[in-house]
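File shown: structure37.txt (compact mmCIF, C-alpha atoms and all ligand atoms).
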```txt
# COMPACT_ATOMS: atom_id res chain seq x y z
CA MET E 1 -100.47 25.55 30.73
CA ALA E 2 -102.22 25.17 27.42
CA ALA E 3 -100.72 28.26 25.87
CA VAL E 4 -100.89 28.89 22.17
CA SER E 5 -97.77 29.97 20.30
CA LEU E 6 -98.06 33.35 18.63
CA GLY E 7 -96.04 33.97 15.47
CA LEU E 8 -94.28 37.32 15.63
CA SER E 9 -92.80 37.50 12.19
CA GLY E 10 -93.39 40.88 10.62
CA CYS E 11 -94.81 42.31 13.87
CA ALA E 12 -94.28 46.04 14.11
CA PRO E 13 -93.92 47.53 17.61
CA GLN E 14 -97.43 47.60 19.05
CA SER E 15 -98.65 50.46 21.17
CA LYS E 16 -102.27 49.23 21.61
CA PRO E 17 -102.25 45.58 22.52
CA ASN E 18 -105.39 43.57 22.87
CA VAL E 19 -106.14 43.85 26.60
CA THR E 20 -108.56 40.92 26.75
CA PRO E 21 -106.72 37.96 28.19
CA ARG E 22 -107.18 34.93 25.96
CA ARG E 23 -105.75 32.44 28.41
CA PRO E 24 -105.76 32.02 32.17
CA MET E 25 -102.86 33.77 33.87
CA LEU E 26 -99.62 31.88 33.90
CA ASN E 27 -99.11 30.79 37.47
CA LEU E 28 -95.48 31.34 38.48
CA PRO E 29 -94.16 31.28 42.03
CA PRO E 30 -93.02 34.81 42.87
CA VAL E 31 -89.43 35.72 43.64
CA LEU E 32 -89.21 37.08 47.18
CA ALA E 33 -86.97 40.04 46.46
CA SER E 34 -85.83 42.10 49.43
CA TRP E 35 -82.60 43.39 50.89
CA ASP E 36 -82.86 41.11 53.90
CA ARG E 37 -82.74 38.04 51.62
CA VAL E 38 -79.41 39.08 50.05
CA ILE E 39 -76.65 36.60 50.96
CA ARG E 40 -73.68 37.71 48.83
CA THR E 41 -72.41 39.89 46.00
CA THR E 42 -69.73 38.55 43.65
CA VAL E 43 -67.61 40.19 40.97
CA GLY E 44 -66.01 38.63 37.89
CA LEU E 45 -64.03 40.12 35.01
CA ARG E 46 -65.24 38.84 31.65
CA PRO E 47 -62.23 38.33 29.32
CA HIS E 48 -63.28 40.47 26.36
CA ARG E 49 -61.54 41.26 23.06
CA ASP E 50 -63.20 43.55 20.55
CA ALA E 51 -62.09 41.13 17.81
CA GLY E 52 -63.50 38.11 19.65
CA PHE E 53 -61.88 35.02 21.14
CA VAL E 54 -58.48 33.78 19.94
CA LEU E 55 -58.39 30.22 18.66
CA ARG E 56 -55.25 29.36 16.72
CA ALA E 57 -52.10 27.26 16.71
CA ASP E 58 -48.67 28.75 17.26
CA LYS E 59 -45.19 27.59 18.28
CA LEU E 60 -43.32 28.00 21.53
CA ASP E 61 -39.76 26.81 20.88
CA ASP E 62 -40.28 23.17 19.90
CA LYS E 63 -43.76 22.95 21.47
CA LEU E 64 -47.12 23.31 19.81
CA LEU E 65 -48.94 26.18 21.49
CA VAL E 66 -52.68 26.46 20.93
CA HIS E 67 -54.46 29.63 22.05
CA ASN E 68 -58.07 29.35 23.28
CA TYR E 69 -58.98 32.47 25.24
CA GLY E 70 -60.94 35.73 25.22
CA HIS E 71 -64.53 34.45 25.46
CA GLY E 72 -66.03 37.64 26.93
CA GLY E 73 -69.50 37.05 28.37
CA ALA E 74 -69.89 33.76 26.50
CA GLY E 75 -67.22 31.49 27.97
CA MET E 76 -69.65 29.23 29.80
CA SER E 77 -71.67 28.89 26.60
CA LEU E 78 -69.05 28.37 23.91
CA ALA E 79 -66.27 26.52 25.73
CA TRP E 80 -67.13 22.97 24.61
CA GLY E 81 -66.97 24.18 21.02
CA THR E 82 -63.70 26.10 21.13
CA GLY E 83 -62.30 23.26 23.29
CA LEU E 84 -63.05 20.71 20.59
CA MET E 85 -61.48 22.91 17.94
CA ALA E 86 -58.38 23.48 20.11
CA ALA E 87 -58.14 19.68 20.52
CA GLU E 88 -58.24 19.32 16.75
CA PHE E 89 -55.17 21.57 16.46
CA ALA E 90 -53.47 19.32 19.03
CA THR E 91 -54.24 16.11 17.11
CA ALA E 92 -52.01 17.41 14.28
CA HIS E 93 -49.06 16.81 16.65
CA GLN E 94 -47.73 13.28 17.05
CA SER E 95 -47.59 13.48 20.85
CA ARG E 96 -50.61 12.63 22.96
CA GLN E 97 -49.48 14.55 26.05
CA ALA E 98 -50.95 17.97 26.56
CA ALA E 99 -50.72 20.70 29.18
CA VAL E 100 -53.81 22.86 29.52
CA ILE E 101 -53.13 26.18 31.20
CA GLY E 102 -56.22 27.40 33.03
CA CYS E 103 -58.93 25.69 35.06
CA GLY E 104 -62.03 27.75 34.25
CA SER E 105 -64.83 26.70 31.92
CA VAL E 106 -62.55 27.02 28.88
CA GLY E 107 -59.63 24.99 30.29
CA LEU E 108 -61.78 22.24 31.80
CA THR E 109 -63.89 21.63 28.70
CA CYS E 110 -60.78 21.73 26.51
CA ALA E 111 -59.14 19.14 28.78
CA ARG E 112 -62.18 16.88 28.40
CA GLN E 113 -62.20 17.26 24.63
CA LEU E 114 -58.50 16.30 24.58
CA GLN E 115 -59.12 13.28 26.81
CA ARG E 116 -61.93 12.13 24.52
CA ARG E 117 -59.35 12.10 21.74
CA GLY E 118 -56.86 10.01 23.66
CA PHE E 119 -54.62 12.67 25.21
CA ALA E 120 -53.05 12.45 28.65
CA VAL E 121 -53.80 15.87 30.13
CA THR E 122 -52.43 17.92 32.97
CA ILE E 123 -54.18 21.16 33.84
CA TYR E 124 -51.90 23.82 35.33
CA ALA E 125 -53.63 26.85 36.79
CA ALA E 126 -52.89 29.71 39.15
CA ALA E 127 -56.39 29.27 40.61
CA VAL E 128 -58.99 26.50 40.50
CA PRO E 129 -62.78 26.61 41.03
CA PRO E 130 -64.45 28.19 42.88
CA ASN E 131 -61.80 30.95 42.61
CA VAL E 132 -62.07 31.53 38.86
CA THR E 133 -64.10 33.99 36.78
CA SER E 134 -66.19 31.12 35.45
CA ASN E 135 -67.62 30.59 38.91
CA MET E 136 -68.75 34.24 39.00
CA SER E 137 -71.02 33.85 35.95
CA LEU E 138 -74.81 33.77 35.84
CA ALA E 139 -74.85 31.51 33.62
CA GLY E 140 -77.23 31.04 30.74
CA PHE E 141 -76.51 29.90 27.20
CA THR E 142 -75.58 33.37 25.88
CA PRO E 143 -73.19 32.57 23.03
CA SER E 144 -72.90 36.11 21.68
CA SER E 145 -72.82 38.07 24.92
CA GLY E 146 -69.96 40.58 25.27
CA LEU E 147 -68.00 38.56 22.75
CA VAL E 148 -67.07 40.64 19.72
CA VAL E 149 -67.51 44.10 18.22
CA THR E 150 -69.41 43.86 14.96
CA ASP E 151 -66.96 45.71 12.73
CA ARG E 152 -64.00 43.69 14.02
CA ARG E 153 -65.42 40.33 12.90
CA THR E 154 -63.87 38.51 9.98
CA PRO E 155 -65.35 35.69 7.88
CA GLU E 156 -62.74 33.30 9.36
CA TRP E 157 -63.66 34.26 12.90
CA ASP E 158 -67.38 33.99 12.11
CA ALA E 159 -66.83 30.46 10.82
CA GLN E 160 -65.04 29.47 14.02
CA TYR E 161 -67.77 31.07 16.08
CA ARG E 162 -70.57 29.35 14.18
CA ARG E 163 -68.93 25.98 14.64
CA ALA E 164 -68.14 26.53 18.31
CA TYR E 165 -71.73 27.61 18.88
CA ASP E 166 -73.21 24.47 17.30
CA ILE E 167 -70.84 22.08 19.07
CA ALA E 168 -71.36 23.70 22.46
CA TYR E 169 -75.12 23.90 22.16
CA ARG E 170 -75.37 20.20 21.38
CA GLN E 171 -72.90 19.19 24.09
CA LEU E 172 -74.77 21.15 26.76
CA GLN E 173 -78.03 19.52 25.67
CA LEU E 174 -76.47 16.11 26.33
CA MET E 175 -75.58 17.18 29.87
CA ALA E 176 -78.97 18.75 30.60
CA GLY E 177 -81.16 16.84 32.96
CA ASN E 178 -78.32 14.99 34.69
CA PRO E 179 -78.25 16.79 38.03
CA ILE E 180 -74.56 16.04 38.60
CA PHE E 181 -73.59 18.54 35.88
CA GLY E 182 -75.83 21.42 36.91
CA VAL E 183 -77.02 21.92 33.33
CA SER E 184 -80.77 22.13 32.71
CA TRP E 185 -83.47 23.73 30.62
CA LEU E 186 -85.71 26.37 32.07
CA ASP E 187 -88.10 29.06 30.85
CA ASN E 188 -86.69 32.48 30.10
CA PHE E 189 -89.18 35.37 30.25
CA THR E 190 -88.36 38.62 28.48
CA LEU E 191 -90.48 41.27 30.16
CA THR E 192 -91.32 44.19 27.91
CA ASP E 193 -93.91 46.83 27.03
CA GLN E 194 -93.03 46.70 23.33
CA LEU E 195 -93.31 43.76 21.02
CA SER E 196 -90.91 43.54 18.16
CA ALA E 197 -90.01 40.76 15.80
CA PRO E 198 -87.02 38.67 16.84
CA PRO E 199 -83.85 39.96 15.17
CA PRO E 200 -83.19 38.09 11.93
CA PRO E 201 -80.38 35.51 11.98
CA SER E 202 -76.97 37.05 11.31
CA PRO E 203 -73.40 35.77 11.56
CA GLU E 204 -73.28 37.31 15.04
CA ARG E 205 -76.58 35.76 16.03
CA PRO E 206 -76.93 32.57 14.04
CA PRO E 207 -80.10 30.53 14.36
CA LEU E 208 -79.98 27.78 16.92
CA PRO E 209 -79.70 24.33 15.40
CA ASP E 210 -82.97 22.41 15.14
CA GLY E 211 -85.11 25.55 15.14
CA ALA E 212 -85.09 25.88 18.93
CA GLU E 213 -85.01 29.67 18.77
CA THR E 214 -88.30 29.83 16.93
CA GLU E 215 -90.06 28.73 20.12
CA ARG E 216 -91.08 32.18 21.30
CA GLU E 217 -94.40 32.37 23.03
CA VAL E 218 -95.94 35.75 23.79
CA PHE E 219 -98.14 36.23 26.82
CA GLY E 220 -100.22 39.38 26.59
CA PRO E 221 -101.79 41.58 29.27
CA GLY E 222 -103.61 39.50 31.86
CA GLU E 223 -101.98 36.28 30.70
CA HIS E 224 -98.81 36.58 32.79
CA PRO E 225 -98.07 37.80 36.30
CA PHE E 226 -95.55 40.55 35.53
CA ASP E 227 -96.14 44.30 35.44
CA THR E 228 -95.07 44.75 31.82
CA LYS E 229 -97.51 44.41 28.93
CA TYR E 230 -95.85 41.31 27.58
CA ALA E 231 -93.85 38.35 28.82
CA ILE E 232 -92.11 36.44 26.03
CA ARG E 233 -91.27 32.89 27.00
CA SER E 234 -88.47 30.92 25.38
CA PRO E 235 -86.56 27.83 26.45
CA GLN E 236 -83.03 28.43 27.70
CA ILE E 237 -80.13 26.32 28.91
CA ARG E 238 -78.96 27.17 32.42
CA ILE E 239 -75.49 26.24 33.68
CA GLU E 240 -75.07 26.35 37.44
CA PRO E 241 -71.40 27.27 37.71
CA SER E 242 -70.30 25.80 41.02
CA ILE E 243 -71.95 22.41 40.33
CA TYR E 244 -70.77 22.37 36.71
CA LEU E 245 -67.14 23.28 37.34
CA GLU E 246 -66.80 20.76 40.18
CA ALA E 247 -68.29 18.04 37.96
CA LEU E 248 -65.88 18.88 35.14
CA MET E 249 -62.91 18.74 37.51
CA ARG E 250 -64.05 15.32 38.75
CA ASP E 251 -64.39 14.11 35.16
CA VAL E 252 -60.92 15.33 34.21
CA VAL E 253 -59.46 13.34 37.13
CA LEU E 254 -61.72 10.33 36.46
CA PHE E 255 -60.26 10.13 32.97
CA GLY E 256 -56.69 10.08 34.30
CA GLY E 257 -55.97 13.81 34.23
CA ARG E 258 -54.10 15.83 36.84
CA ILE E 259 -54.80 19.31 38.12
CA VAL E 260 -51.75 21.22 39.37
CA VAL E 261 -51.93 24.65 40.98
CA ARG E 262 -49.14 26.65 39.38
CA ARG E 263 -48.78 30.17 38.05
CA PHE E 264 -46.74 31.09 34.98
CA ASP E 265 -45.33 34.58 34.61
CA THR E 266 -43.82 34.38 31.13
CA PRO E 267 -44.02 32.10 28.09
CA ARG E 268 -40.47 30.97 29.08
CA ASP E 269 -41.96 29.30 32.16
CA LEU E 270 -44.27 27.31 29.89
CA ALA E 271 -41.35 26.19 27.75
CA SER E 272 -39.99 24.28 30.77
CA LEU E 273 -43.05 21.97 30.93
CA ASP E 274 -42.60 18.32 29.91
CA GLU E 275 -45.67 18.25 27.65
CA PRO E 276 -44.93 18.93 23.96
CA ILE E 277 -48.37 20.50 23.51
CA VAL E 278 -49.56 23.51 25.51
CA ILE E 279 -53.10 24.90 25.30
CA ASN E 280 -53.51 28.43 26.57
CA CYS E 281 -56.89 28.75 28.30
CA THR E 282 -55.93 31.54 30.68
CA GLY E 283 -58.82 33.93 29.95
CA LEU E 284 -57.93 37.44 31.03
CA GLY E 285 -54.56 36.09 32.26
CA ALA E 286 -53.40 35.91 28.62
CA ARG E 287 -53.02 39.68 28.63
CA ASP E 288 -49.98 39.56 30.94
CA LEU E 289 -48.77 36.08 30.05
CA PHE E 290 -48.74 36.61 26.27
CA GLY E 291 -48.90 40.40 26.05
CA ASP E 292 -52.31 40.53 24.37
CA GLN E 293 -53.16 44.17 25.08
CA GLU E 294 -56.49 43.83 23.29
CA LEU E 295 -57.86 41.77 26.17
CA LEU E 296 -59.76 43.85 28.66
CA PRO E 297 -62.23 43.17 31.45
CA LEU E 298 -65.96 43.69 31.28
CA LYS E 299 -66.62 43.79 34.99
CA GLY E 300 -69.77 41.93 35.98
CA GLN E 301 -71.42 41.81 39.36
CA LEU E 302 -74.07 39.47 40.73
CA THR E 303 -76.08 39.77 43.92
CA VAL E 304 -77.48 36.52 45.26
CA MET E 305 -80.54 36.04 47.44
CA VAL E 306 -81.62 33.02 49.52
CA PRO E 307 -82.50 30.05 47.26
CA GLN E 308 -86.16 29.42 46.41
CA PRO E 309 -86.37 25.88 45.03
CA GLU E 310 -89.93 26.49 43.80
CA VAL E 311 -88.74 29.23 41.43
CA GLN E 312 -87.51 27.68 38.18
CA TYR E 313 -87.35 30.48 35.64
CA HIS E 314 -85.18 33.28 34.34
CA THR E 315 -86.27 36.85 33.66
CA ASN E 316 -84.81 39.62 31.52
CA GLY E 317 -85.93 43.19 32.04
CA GLY E 318 -89.23 44.05 33.68
CA LEU E 319 -88.90 47.80 34.24
CA HIS E 320 -90.83 50.35 32.22
CA THR E 321 -87.70 52.42 31.59
CA PRO E 322 -84.64 51.38 29.58
CA PRO E 323 -81.40 50.67 31.49
CA PRO E 324 -79.02 53.64 31.93
CA PRO E 325 -76.45 54.06 29.12
CA GLY E 326 -73.60 51.55 29.45
CA SER E 327 -75.61 49.18 31.68
CA LEU E 328 -76.99 45.82 30.75
CA GLY E 329 -80.66 45.13 31.17
CA ILE E 330 -81.42 43.58 34.54
CA HIS E 331 -81.83 39.80 34.75
CA MET E 332 -82.68 37.15 37.33
CA MET E 333 -81.58 33.52 37.21
CA ALA E 334 -82.97 30.98 39.66
CA ARG E 335 -80.27 28.49 40.69
CA ARG E 336 -79.87 25.87 43.41
CA ASP E 337 -77.39 28.14 45.22
CA GLY E 338 -79.64 31.19 45.13
CA ILE E 339 -81.74 33.67 43.24
CA VAL E 340 -79.10 35.48 41.22
CA LEU E 341 -79.57 39.10 40.16
CA GLY E 342 -77.39 40.70 37.49
CA GLY E 343 -77.23 43.47 34.97
CA THR E 344 -73.78 45.07 34.95
CA SER E 345 -70.97 45.23 32.43
CA GLN E 346 -68.28 47.83 33.08
CA ARG E 347 -65.70 48.01 30.34
CA GLY E 348 -62.05 48.33 31.35
CA ILE E 349 -62.72 48.22 35.09
CA TRP E 350 -60.20 45.91 36.81
CA THR E 351 -61.27 46.04 40.45
CA LEU E 352 -62.93 43.04 42.09
CA GLU E 353 -64.58 45.31 44.65
CA PRO E 354 -68.38 45.44 44.31
CA ASP E 355 -69.75 48.71 42.94
CA GLU E 356 -72.29 49.82 45.54
CA ASP E 357 -74.28 52.03 43.14
CA GLU E 358 -74.67 49.18 40.66
CA ARG E 359 -75.57 46.76 43.43
CA ARG E 360 -78.31 49.11 44.62
CA ARG E 361 -79.62 49.65 41.07
CA VAL E 362 -79.81 45.92 40.32
CA VAL E 363 -81.39 44.90 43.65
CA GLU E 364 -83.86 47.81 43.85
CA SER E 365 -84.91 47.21 40.23
CA HIS E 366 -85.64 43.56 40.93
CA ILE E 367 -87.51 44.43 44.11
CA ALA E 368 -89.70 46.70 41.94
CA VAL E 369 -90.21 43.98 39.30
CA PHE E 370 -91.09 41.19 41.71
CA SER E 371 -93.12 43.19 44.22
CA ALA E 372 -95.42 44.12 41.31
CA MET E 373 -95.76 40.47 40.33
CA LYS E 374 -99.22 38.97 40.68
CA THR E 375 -99.95 35.46 41.76
CA ALA E 376 -103.02 33.46 40.74
CA HIS E 377 -104.33 34.34 44.21
CA THR E 378 -103.89 38.12 43.89
CA ALA E 379 -104.86 38.44 40.22
C1 LIG E 401 -71.34 38.49 36.08
C2 LIG E 401 -70.98 37.55 34.97
C3 LIG E 401 -71.98 36.87 34.30
C4 LIG E 401 -71.66 36.00 33.26
N1 LIG E 401 -72.68 35.32 32.67
C5 LIG E 401 -72.38 34.45 31.66
C6 LIG E 401 -73.43 33.73 31.03
O1 LIG E 401 -74.61 33.88 31.36
N2 LIG E 401 -73.09 32.87 30.03
C7 LIG E 401 -71.80 32.70 29.62
O2 LIG E 401 -71.54 31.92 28.70
N3 LIG E 401 -70.78 33.38 30.22
C8 LIG E 401 -71.05 34.26 31.21
N4 LIG E 401 -70.04 34.97 31.79
C9 LIG E 401 -68.69 34.94 31.19
C10 LIG E 401 -67.87 33.75 31.66
O3 LIG E 401 -67.81 33.74 33.05
C11 LIG E 401 -66.47 33.85 31.04
O4 LIG E 401 -66.54 33.98 29.65
C12 LIG E 401 -65.69 32.59 31.38
O5 LIG E 401 -65.61 32.45 32.77
C13 LIG E 401 -64.29 32.61 30.81
O6 LIG E 401 -63.72 31.37 31.15
P1 LIG E 401 -62.17 31.15 31.16
O7 LIG E 401 -61.95 29.72 31.48
O8 LIG E 401 -61.58 31.71 29.92
O9 LIG E 401 -61.63 32.10 32.33
P2 LIG E 401 -61.45 31.84 33.90
O10 LIG E 401 -62.62 31.22 34.50
O11 LIG E 401 -60.99 33.17 34.43
O12 LIG E 401 -60.26 30.81 33.99
C14 LIG E 401 -58.94 31.21 33.67
C15 LIG E 401 -57.97 30.21 34.28
O13 LIG E 401 -56.65 30.55 33.86
C16 LIG E 401 -55.80 30.61 34.98
N5 LIG E 401 -54.71 31.54 34.70
C17 LIG E 401 -54.80 32.81 34.26
N6 LIG E 401 -53.55 33.34 34.15
C18 LIG E 401 -52.69 32.35 34.51
C19 LIG E 401 -51.27 32.28 34.61
N7 LIG E 401 -50.51 33.33 34.31
N8 LIG E 401 -50.71 31.12 35.03
C20 LIG E 401 -51.48 30.05 35.34
N9 LIG E 401 -52.83 30.06 35.28
C21 LIG E 401 -53.41 31.21 34.86
C22 LIG E 401 -56.72 31.08 36.10
O14 LIG E 401 -56.15 30.81 37.36
C23 LIG E 401 -57.94 30.24 35.80
O15 LIG E 401 -57.77 28.93 36.29
C24 LIG E 401 -70.31 35.83 32.86
C25 LIG E 401 -69.30 36.49 33.56
C26 LIG E 401 -69.63 37.34 34.60
C27 LIG E 401 -68.52 38.02 35.34
```
Representation of the structure as structure tokens:
Amino acid sequence: MAAVSLGLSGCAPQSKPNVTPRRPMLNLPPVLASWDRVIRTTVGLRPHRDAGFVLRADKLDDKLLVHNYGHGGAGMSLAWGTGLMAAEFATAHQSRQAAVIGCGSVGLTCARQLQRRGFAVTIYAAAVPPNVTSNMSLAGFTPSSGLVVTDRRTPEWDAQYRRAYDIAYRQLQLMAGNPIFGVSWLDNFTLTDQLSAPPPPSPERPPLPDGAETEREVFGPGEHPFDTKYAIRSPQIRIEPSIYLEALMRDVVLFGGRIVVRRFDTPRDLASLDEPIVINCTGLGARDLFGDQELLPLKGQLTVMVPQPEVQYHTNGGLHTPPPPGSLGIHMMARRDGIVLGGTSQRGIWTLEPDEDERRRVVESHIAVFSAMKTAHTA
């Protein structure tokens, strides 16, 4: 598609767009959205702290204890970065034997970062993939999603975040394209009736390295198949959780690591481990294990439809009305295991039972978005 990039800088919201298509319509295979294609609904509890993730070294009796938890809706995105920084805390210790507690995205990537630095690693976890929150994620590269409340950020935390962001973004790029990791680039379309300039870079939303975020391409009326006035295309990294987590577990073992299923109820239980270094990657589990009452769940729910291998894109939004207060905008991610529909974030809700009202809202909304989609044939 020979589409021309449109600069948006300084664009005010536009109410009267140019309705003459300047390019042939983007030809995208439609998502077949219907209730009879739904194959499952999953629930995960994002480990959120208003003050953001915890990444610091501590002591547990004579052990070095490194905390690396509380990644909110960004734990698939940022984990390689916080994992590297946790490994740096560990290298200050003379031992090269580490216990990683937790086998989600955060624990597995941290284990790999430790192994790359010469550590012998054992992962201990109450649950392993697929039975971890990480496997319930969408997952795109969303490094600031549900992560921190603006007025709780500190310059020190921002610096950690910025570094974790850069490291993780580059690491995921190295994995992209190798099908064994389930990491790949795909087009993200933001579907909207209003054009506005991209938000300026801020500590919370730093620019992507290498200018990748500047690649926004606006398709106007008649140039894209969706029912909204505009479709804004940008490249995005997709992480397919079940493929990714399995590959990381295989890599941990390939590099001599062990994975042991074991639950810890108190920090005392951890003190009995042989390893002199313990890295806490327990996500929401850190609330009970270490008494961090600031951790709370942001309940997220995904409904999955039958896979459509021909669909290789991600959408955000698409309705003409804003989402109800407290809801996320709706989004669709095409993955090898299905067409995944999301758009929920319920603060402080602990149940893993699907919320039927939210399920209906998300599925019906996507049926509306995709049934209005034109193909080159119907346009
Ligand atoms: C619907 C939804 C969509 C999401 N989309 C995205 C996205 O697009 N991009 C993104 O980056 N993130 C996304 N996330 C967020 C992401 O899933 C989390 O940030 C991430 O899973 C956190 O990883 P974790 O390893 O800290 O936690 P988990 O995956 O929960 O792993 C925690 C591990 O610790 C173990 N553990 C806990 N307590 C104990 C204990 N007491 N003893 C022993 N082991 C213990 C658990 O058994 C588990 O192995 C999404 C989440 C949801 C729910």
Taking all atoms of ligand LIG 401 (chain E) that the file lists and extending 3 Å past them on each side, where is the centre of the axis-aligned box and how long are its edges? Answer in Å to one decimal, as lines of an AutoDock Vina configuration file.
```
center_x = -62.6
center_y = 33.7
center_z = 33.0
size_x = 30.1
size_y = 15.6
size_z = 14.7
```
| For ligand LIG 401 (chain E), which of E:Pro24, E:Gly107, E:Pro29, E:Gly329 is the closest residue, counting all atoms listed in the file? | E:Gly107
Hey, which residues come within 6 Å of ligand LIG 401 (chain E) if we count only C-alpha atoms and all ligand atoms? Could you give them as a PDB file with C-alpha atoms, keeping the file's coordinate frame?
```
ATOM      1  CA  GLY E  44     -66.010  38.630  37.890  1.00  0.00           C
ATOM      2  CA  LEU E  45     -64.030  40.120  35.010  1.00  0.00           C
ATOM      3  CA  ARG E  46     -65.240  38.840  31.650  1.00  0.00           C
ATOM      4  CA  TYR E  69     -58.980  32.470  25.240  1.00  0.00           C
ATOM      5  CA  HIS E  71     -64.530  34.450  25.460  1.00  0.00           C
ATOM      6  CA  GLY E  72     -66.030  37.640  26.930  1.00  0.00           C
ATOM      7  CA  GLY E  73     -69.500  37.050  28.370  1.00  0.00           C
ATOM      8  CA  ALA E  74     -69.890  33.760  26.500  1.00  0.00           C
ATOM      9  CA  GLY E  75     -67.220  31.490  27.970  1.00  0.00           C
ATOM     10  CA  MET E  76     -69.650  29.230  29.800  1.00  0.00           C
ATOM     11  CA  SER E  77     -71.670  28.890  26.600  1.00  0.00           C
ATOM     12  CA  ILE E 101     -53.130  26.180  31.200  1.00  0.00           C
ATOM     13  CA  GLY E 102     -56.220  27.400  33.030  1.00  0.00           C
ATOM     14  CA  CYS E 103     -58.930  25.690  35.060  1.00  0.00           C
ATOM     15  CA  GLY E 104     -62.030  27.750  34.250  1.00  0.00           C
ATOM     16  CA  SER E 105     -64.830  26.700  31.920  1.00  0.00           C
ATOM     17  CA  VAL E 106     -62.550  27.020  28.880  1.00  0.00           C
ATOM     18  CA  GLY E 107     -59.630  24.990  30.290  1.00  0.00           C
ATOM     19  CA  ALA E 125     -53.630  26.850  36.790  1.00  0.00           C
ATOM     20  CA  ALA E 126     -52.890  29.710  39.150  1.00  0.00           C
ATOM     21  CA  ALA E 127     -56.390  29.270  40.610  1.00  0.00           C
ATOM     22  CA  VAL E 128     -58.990  26.500  40.500  1.00  0.00           C
ATOM     23  CA  VAL E 132     -62.070  31.530  38.860  1.00  0.00           C
ATOM     24  CA  THR E 133     -64.100  33.990  36.780  1.00  0.00           C
ATOM     25  CA  SER E 134     -66.190  31.120  35.450  1.00  0.00           C
ATOM     26  CA  MET E 136     -68.750  34.240  39.000  1.00  0.00           C
ATOM     27  CA  SER E 137     -71.020  33.850  35.950  1.00  0.00           C
ATOM     28  CA  LEU E 138     -74.810  33.770  35.840  1.00  0.00           C
ATOM     29  CA  ALA E 139     -74.850  31.510  33.620  1.00  0.00           C
ATOM     30  CA  GLY E 140     -77.230  31.040  30.740  1.00  0.00           C
ATOM     31  CA  PHE E 141     -76.510  29.900  27.200  1.00  0.00           C
ATOM     32  CA  THR E 142     -75.580  33.370  25.880  1.00  0.00           C
ATOM     33  CA  PRO E 143     -73.190  32.570  23.030  1.00  0.00           C
ATOM     34  CA  ARG E 262     -49.140  26.650  39.380  1.00  0.00           C
ATOM     35  CA  ARG E 263     -48.780  30.170  38.050  1.00  0.00           C
ATOM     36  CA  PHE E 264     -46.740  31.090  34.980  1.00  0.00           C
ATOM     37  CA  ASP E 265     -45.330  34.580  34.610  1.00  0.00           C
ATOM     38  CA  CYS E 281     -56.890  28.750  28.300  1.00  0.00           C
ATOM     39  CA  THR E 282     -55.930  31.540  30.680  1.00  0.00           C
ATOM     40  CA  GLY E 283     -58.820  33.930  29.950  1.00  0.00           C
ATOM     41  CA  GLY E 285     -54.560  36.090  32.260  1.00  0.00           C
ATOM     42  CA  LEU E 289     -48.770  36.080  30.050  1.00  0.00           C
ATOM     43  CA  GLY E 300     -69.770  41.930  35.980  1.00  0.00           C
ATOM     44  CA  GLN E 301     -71.420  41.810  39.360  1.00  0.00           C
ATOM     45  CA  LEU E 302     -74.070  39.470  40.730  1.00  0.00           C
TER      46      LEU E 302
END
```
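Omitting E:Gly70 and its sequence neighbours fewer than 3 positions away, and counting all atoms listed in the file, the residues within 9 Å are Arg46, Pro47, His48, Arg49, Gly52, Phe53, Val54, Leu55, Gly75, Leu147, Cys281, Thr282, Gly283, Leu284, Ala286, Leu295 and Leu296 of chain E.
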| query | With only C-alpha atoms as the basis for distance, which of E:Phe290, E:Thr351, E:Arg250, E:Val304 is at the shortest distance from E:Leu270? | reply |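 That would be E:Phe290, the residue with the smallest distance to E:Leu270.
Distances to E:Lys63 were evaluated for E:Thr150, E:Thr266, E:Ser272, E:Thr228 using all atoms listed in the file, and the minimum falls at E:Ser272.
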| task | Rank nothing, just name the residue among E:Phe181, E:Ile243, E:Met333, E:Trp80 nearest to E:Asp166, using all atoms listed in the file. | result | E:Trp80
Generate the missing atoms of stretch 173-179 of chain E up to N, CA and C atoms and report them as an mmCIF file, in the frame of the given file.
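What ended up in out.cif:
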```cif
data_model
loop_
_atom_site.group_PDB
_atom_site.id
_atom_site.type_symbol
_atom_site.label_atom_id
_atom_site.label_comp_id
_atom_site.auth_asym_id
_atom_site.auth_seq_id
_atom_site.Cartn_x
_atom_site.Cartn_y
_atom_site.Cartn_z
ATOM 1 N N GLN E 173 -76.748 20.257 25.674
ATOM 2 C CA GLN E 173 -78.030 19.520 25.670
ATOM 3 C C GLN E 173 -77.846 18.105 26.195
ATOM 4 N N LEU E 174 -76.702 17.486 25.861
ATOM 5 C CA LEU E 174 -76.470 16.110 26.330
ATOM 6 C C LEU E 174 -76.301 16.064 27.840
ATOM 7 N N MET E 175 -75.813 17.165 28.417
ATOM 8 C CA MET E 175 -75.580 17.180 29.870
ATOM 9 C C MET E 175 -76.850 17.571 30.630
ATOM 10 N N ALA E 176 -77.775 18.221 29.924
ATOM 11 C CA ALA E 176 -78.970 18.750 30.600
ATOM 12 C C ALA E 176 -79.786 17.608 31.191
ATOM 13 N N GLY E 177 -80.289 17.842 32.350
ATOM 14 C CA GLY E 177 -81.160 16.840 32.960
ATOM 15 C C GLY E 177 -80.413 15.914 33.887
ATOM 16 N N ASN E 178 -79.089 15.793 33.739
ATOM 17 C CA ASN E 178 -78.320 14.990 34.690
ATOM 18 C C ASN E 178 -77.878 15.914 35.818
ATOM 19 N N PRO E 179 -78.484 15.780 36.991
ATOM 20 C CA PRO E 179 -78.250 16.790 38.030
ATOM 21 C C PRO E 179 -76.781 16.927 38.431
#
```
